[in-house]
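Visitor: Below is the file entry-v4.json, with JSON, C-alpha atoms.
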[["chain", "number", "residue", "atom", "x", "y", "z"],
["A", 14, "MET", "CA", 138.17, -53.71, 17.92],
["A", 15, "THR", "CA", 135.95, -52.33, 20.65],
["A", 16, "ALA", "CA", 135.91, -53.64, 24.21],
["A", 17, "PRO", "CA", 132.42, -55.22, 23.88],
["A", 18, "GLU", "CA", 133.47, -57.01, 20.67],
["A", 19, "GLU", "CA", 136.64, -58.30, 22.35],
["A", 20, "GLU", "CA", 134.66, -59.47, 25.37],
["A", 21, "ARG", "CA", 132.19, -61.29, 23.11],
["A", 22, "ARG", "CA", 135.04, -63.04, 21.25],
["A", 23, "VAL", "CA", 136.61, -64.13, 24.53],
["A", 24, "GLN", "CA", 133.28, -65.46, 25.83],
["A", 25, "GLU", "CA", 132.69, -67.39, 22.60],
["A", 26, "ALA", "CA", 136.20, -68.86, 22.79],
["A", 27, "VAL", "CA", 135.64, -69.92, 26.41],
["A", 28, "GLN", "CA", 132.31, -71.52, 25.47],
["A", 29, "ARG", "CA", 133.93, -73.43, 22.56],
["A", 30, "HIS", "CA", 136.70, -74.64, 24.86],
["A", 31, "ALA", "CA", 134.22, -75.74, 27.55],
["A", 32, "ARG", "CA", 132.08, -77.57, 24.99],
["A", 33, "THR", "CA", 135.10, -79.32, 23.46],
["A", 34, "ARG", "CA", 136.36, -80.36, 26.89],
["A", 35, "ALA", "CA", 132.91, -81.64, 27.93],
["A", 36, "PHE", "CA", 132.64, -83.76, 24.77],
["A", 37, "ALA", "CA", 136.15, -85.15, 25.30],
["A", 38, "GLU", "CA", 135.35, -86.07, 28.90],
["A", 39, "ALA", "CA", 132.06, -87.68, 27.83],
["A", 40, "GLU", "CA", 133.89, -89.77, 25.23],
["A", 41, "ASP", "CA", 136.07, -91.12, 28.04],
["A", 42, "VAL", "CA", 133.26, -91.71, 30.54],
["A", 43, "ILE", "CA", 130.44, -93.08, 28.35],
["A", 44, "PRO", "CA", 132.27, -96.25, 27.17],
["A", 45, "PHE", "CA", 133.31, -96.96, 30.76],
["A", 46, "VAL", "CA", 129.71, -96.67, 31.99],
["A", 47, "LEU", "CA", 128.32, -98.70, 29.09],
["A", 48, "SER", "CA", 130.78, -101.52, 29.74],
["A", 49, "GLY", "CA", 129.56, -101.98, 33.31],
["A", 50, "PRO", "CA", 128.07, -105.40, 34.15],
["A", 51, "GLY", "CA", 124.64, -103.96, 35.02],
["A", 52, "VAL", "CA", 124.44, -102.11, 31.72],
["A", 53, "GLN", "CA", 125.57, -105.20, 29.80],
["A", 54, "GLU", "CA", 122.91, -107.29, 31.55],
["A", 55, "ALA", "CA", 120.21, -104.73, 30.75],
["A", 56, "ARG", "CA", 121.37, -104.54, 27.13],
["A", 57, "ASP", "CA", 121.22, -108.34, 26.84],
["A", 58, "ARG", "CA", 117.69, -108.44, 28.29],
["A", 59, "VAL", "CA", 116.48, -105.70, 25.93],
["A", 60, "GLU", "CA", 118.05, -107.46, 22.95],
["A", 61, "ALA", "CA", 116.42, -110.77, 23.94],
["A", 62, "ALA", "CA", 113.00, -109.09, 24.28],
["A", 63, "GLU", "CA", 113.39, -107.29, 20.93],
["A", 64, "THR", "CA", 114.40, -110.55, 19.23],
["A", 65, "GLU", "CA", 111.48, -112.45, 20.78],
["A", 66, "LEU", "CA", 108.99, -109.78, 19.67],
["A", 67, "GLY", "CA", 110.59, -109.68, 16.22],
["A", 68, "LEU", "CA", 110.10, -113.42, 15.83],
["A", 69, "GLU", "CA", 106.49, -113.18, 17.00],
["A", 70, "LEU", "CA", 105.75, -110.51, 14.38],
["A", 71, "SER", "CA", 107.78, -112.03, 11.54],
["A", 72, "ALA", "CA", 105.03, -114.28, 10.11],
["A", 73, "ARG", "CA", 102.74, -111.27, 9.69],
["A", 74, "LEU", "CA", 105.35, -108.67, 8.70],
["A", 75, "GLN", "CA", 107.72, -110.71, 6.49],
["A", 76, "PRO", "CA", 106.07, -109.39, 3.28],
["A", 77, "PHE", "CA", 107.37, -105.92, 4.21],
["A", 78, "GLN", "CA", 110.92, -107.29, 4.49],
["A", 79, "ASP", "CA", 110.51, -109.01, 1.11],
["A", 80, "ARG", "CA", 109.32, -105.75, -0.52],
["A", 81, "TYR", "CA", 112.20, -103.85, 1.06],
["A", 82, "ASP", "CA", 114.75, -106.45, -0.13],
["A", 83, "GLN", "CA", 113.29, -106.30, -3.65],
["A", 84, "ALA", "CA", 113.37, -102.48, -3.66],
["A", 85, "VAL", "CA", 117.04, -102.56, -2.61],
["A", 86, "ALA", "CA", 117.90, -105.19, -5.25],
["A", 87, "GLU", "CA", 116.17, -103.14, -7.95],
["A", 88, "SER", "CA", 117.45, -99.77, -6.65],
["A", 89, "ASP", "CA", 113.83, -98.63, -6.49],
["A", 90, "ALA", "CA", 114.32, -95.24, -4.86],
["A", 91, "VAL", "CA", 110.61, -94.41, -4.91],
["A", 92, "ARG", "CA", 109.65, -97.49, -2.90],
["A", 93, "LEU", "CA", 112.57, -96.96, -0.53],
["A", 94, "THR", "CA", 111.38, -93.42, 0.24],
["A", 95, "GLU", "CA", 108.06, -94.89, 1.38],
["A", 96, "VAL", "CA", 109.77, -96.96, 4.08],
["A", 97, "CYS", "CA", 109.74, -95.86, 7.72],
["A", 98, "VAL", "CA", 112.45, -93.40, 8.65],
["A", 99, "GLY", "CA", 113.01, -95.27, 11.95],
["A", 100, "LYS", "CA", 116.56, -96.53, 11.86],
["A", 101, "HIS", "CA", 119.22, -97.68, 14.21],
["A", 102, "GLY", "CA", 121.85, -97.80, 11.49],
["A", 103, "ARG", "CA", 124.72, -97.93, 13.92],
["A", 104, "TRP", "CA", 123.26, -101.15, 15.30],
["A", 105, "GLY", "CA", 122.38, -102.54, 11.87],
["A", 106, "ARG", "CA", 118.64, -101.95, 12.11],
["A", 107, "ILE", "CA", 116.42, -100.54, 9.40],
["A", 108, "CYS", "CA", 112.65, -100.56, 9.84],
["A", 109, "VAL", "CA", 111.06, -102.04, 6.70],
["A", 110, "LEU", "CA", 107.48, -101.06, 7.50],
["A", 111, "PRO", "CA", 105.69, -98.20, 5.70],
["A", 112, "ASP", "CA", 106.33, -94.68, 6.93],
["A", 113, "GLY", "CA", 103.82, -93.75, 9.66],
["A", 114, "HIS", "CA", 103.22, -97.36, 10.69],
["A", 115, "GLU", "CA", 103.38, -96.47, 14.40],
["A", 116, "THR", "CA", 100.01, -94.71, 14.11],
["A", 117, "SER", "CA", 98.34, -96.33, 11.10],
["A", 118, "MET", "CA", 99.27, -99.96, 11.87],
["A", 119, "GLU", "CA", 100.14, -99.52, 15.55],
["A", 120, "GLU", "CA", 103.25, -101.67, 15.13],
["A", 121, "PRO", "CA", 106.72, -101.17, 16.60],
["A", 122, "HIS", "CA", 109.65, -100.75, 14.24],
["A", 123, "TRP", "CA", 110.42, -104.11, 12.62],
["A", 124, "GLY", "CA", 113.18, -105.45, 10.42],
["A", 125, "ARG", "CA", 116.37, -107.46, 10.76],
["A", 126, "ASN", "CA", 119.47, -106.94, 12.84],
["A", 127, "ARG", "CA", 123.06, -107.33, 11.61],
["A", 128, "GLU", "CA", 122.90, -111.07, 12.11],
["A", 129, "GLY", "CA", 119.80, -111.29, 9.89],
["A", 130, "ARG", "CA", 117.42, -112.13, 12.76],
["A", 131, "SER", "CA", 113.97, -110.56, 12.87],
["A", 132, "ILE", "CA", 113.86, -107.82, 15.47],
["A", 133, "ALA", "CA", 111.28, -105.33, 16.71],
["A", 134, "TRP", "CA", 112.01, -102.17, 18.68],
["A", 135, "VAL", "CA", 110.42, -99.01, 19.96],
["A", 136, "GLY", "CA", 112.00, -95.62, 19.38],
["A", 137, "SER", "CA", 114.74, -94.58, 17.03],
["A", 138, "ALA", "CA", 118.15, -93.01, 17.06],
["A", 139, "PRO", "CA", 120.15, -91.02, 14.55],
["A", 140, "ASP", "CA", 122.69, -93.05, 12.60],
["A", 141, "ASP", "CA", 125.56, -90.92, 13.88],
["A", 142, "TRP", "CA", 124.68, -91.39, 17.53]]
Would it be possible to restate this file's structure as structure tokens?
Guide:
Amino acid sequence: MTAPEEERRVQEAVQRHARTRAFAEAEDVIPFVLSGPGVQEARDRVEAAETELGLELSARLQPFQDRYDQAVAESDAVRLTEVCVGKHGRWGRICVLPDGHETSMEEPHWGRNREGRSIAWVGSAPDDW
């Protein structure tokens, strides 16, 4: 192995180690920060606002939830692929509106949370976040 190849391997190993250590430290720090009273209060206020908006929109948007529930019950993959990709799966949220609704209908994401309450939210997050 040549010196430049060896140096590259060492640099890559150092980068992998630094990245692994940074992720490990973040896994220790993030839960601590998120459990702080200010963060909990903010989370509660956001959840209350999302629930209130979800209830306000439910009379108008409930047919979308009904269609989604029927598609799930019937394993209708075609109809399920037409649903918005906006999900917060980790928090039990799946938007039941049609894909592209943010621009065509100008609606926030809307569906139900884990407890079955109507909820509306803005933005999305990957399920593995």
Visitor: Do you have, as JSON lines, the list of residues of stretch 80-109 of chain A lying at most 12 Å from stretch 62-71 of chain A, each with its nearest atom pair and that distance in Å to one decimal, counting all atoms listed in the file and ordered by chain then number?
Guide:
{"residue": "A:Arg106", "atom": "CA", "partner": "A:Glu63", "partner_atom": "CA", "distance": 11.6}
{"residue": "A:Cys108", "atom": "CA", "partner": "A:Gly67", "partner_atom": "CA", "distance": 11.3}
{"residue": "A:Val109", "atom": "CA", "partner": "A:Ser71", "partner_atom": "CA", "distance": 11.6}
Visitor: List the spatial neighbours of stretch 81-83 of chain A as an mmCIF file with C-alpha atoms, in the coordinates of the input - criterion: any atom at most 9 Å away, all atoms listed in the file, same-chain residues fewer than 4 positions off excluded.
Guide:
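And here's around.cif as it stands now:
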data_model
loop_
_atom_site.group_PDB
_atom_site.id
_atom_site.type_symbol
_atom_site.label_atom_id
_atom_site.label_comp_id
_atom_site.auth_asym_id
_atom_site.auth_seq_id
_atom_site.Cartn_x
_atom_site.Cartn_y
_atom_site.Cartn_z
ATOM 1 C CA PRO A 76 106.070 -109.390 3.280
ATOM 2 C CA PHE A 77 107.370 -105.920 4.210
ATOM 3 C CA GLU A 87 116.170 -103.140 -7.950
ATOM 4 C CA SER A 88 117.450 -99.770 -6.650
ATOM 5 C CA ASP A 89 113.830 -98.630 -6.490
ATOM 6 C CA ARG A 92 109.650 -97.490 -2.900
ATOM 7 C CA LEU A 93 112.570 -96.960 -0.530
ATOM 8 C CA VAL A 96 109.770 -96.960 4.080
ATOM 9 C CA VAL A 109 111.060 -102.040 6.700
ATOM 10 C CA LEU A 110 107.480 -101.060 7.500
#
Visitor: By how many Å are atom CA of A:Arg80 and atom CA of A:Pro111 apart?
Guide: 10.4 Å
Visitor: What lies within 12 Å of A:Gly113 using all atoms listed in the file, ignoring chain neighbours under 2 positions off, as a PyMOL selection string?
Guide: chain A and resi 95-99+108-111+115-122
Visitor: By how many Å are atom CA of A:Arg73 and atom CA of A:Ala55 apart?
Guide: 28.1 Å
Visitor: With all atoms listed in the file as the basis for distance, which of A:Gly105, A:Val91, A:Glu19, A:Gln78 is at the shortest distance from A:Gly124?
Guide: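 Smallest separation from A:Gly124 among the options: A:Gln78.
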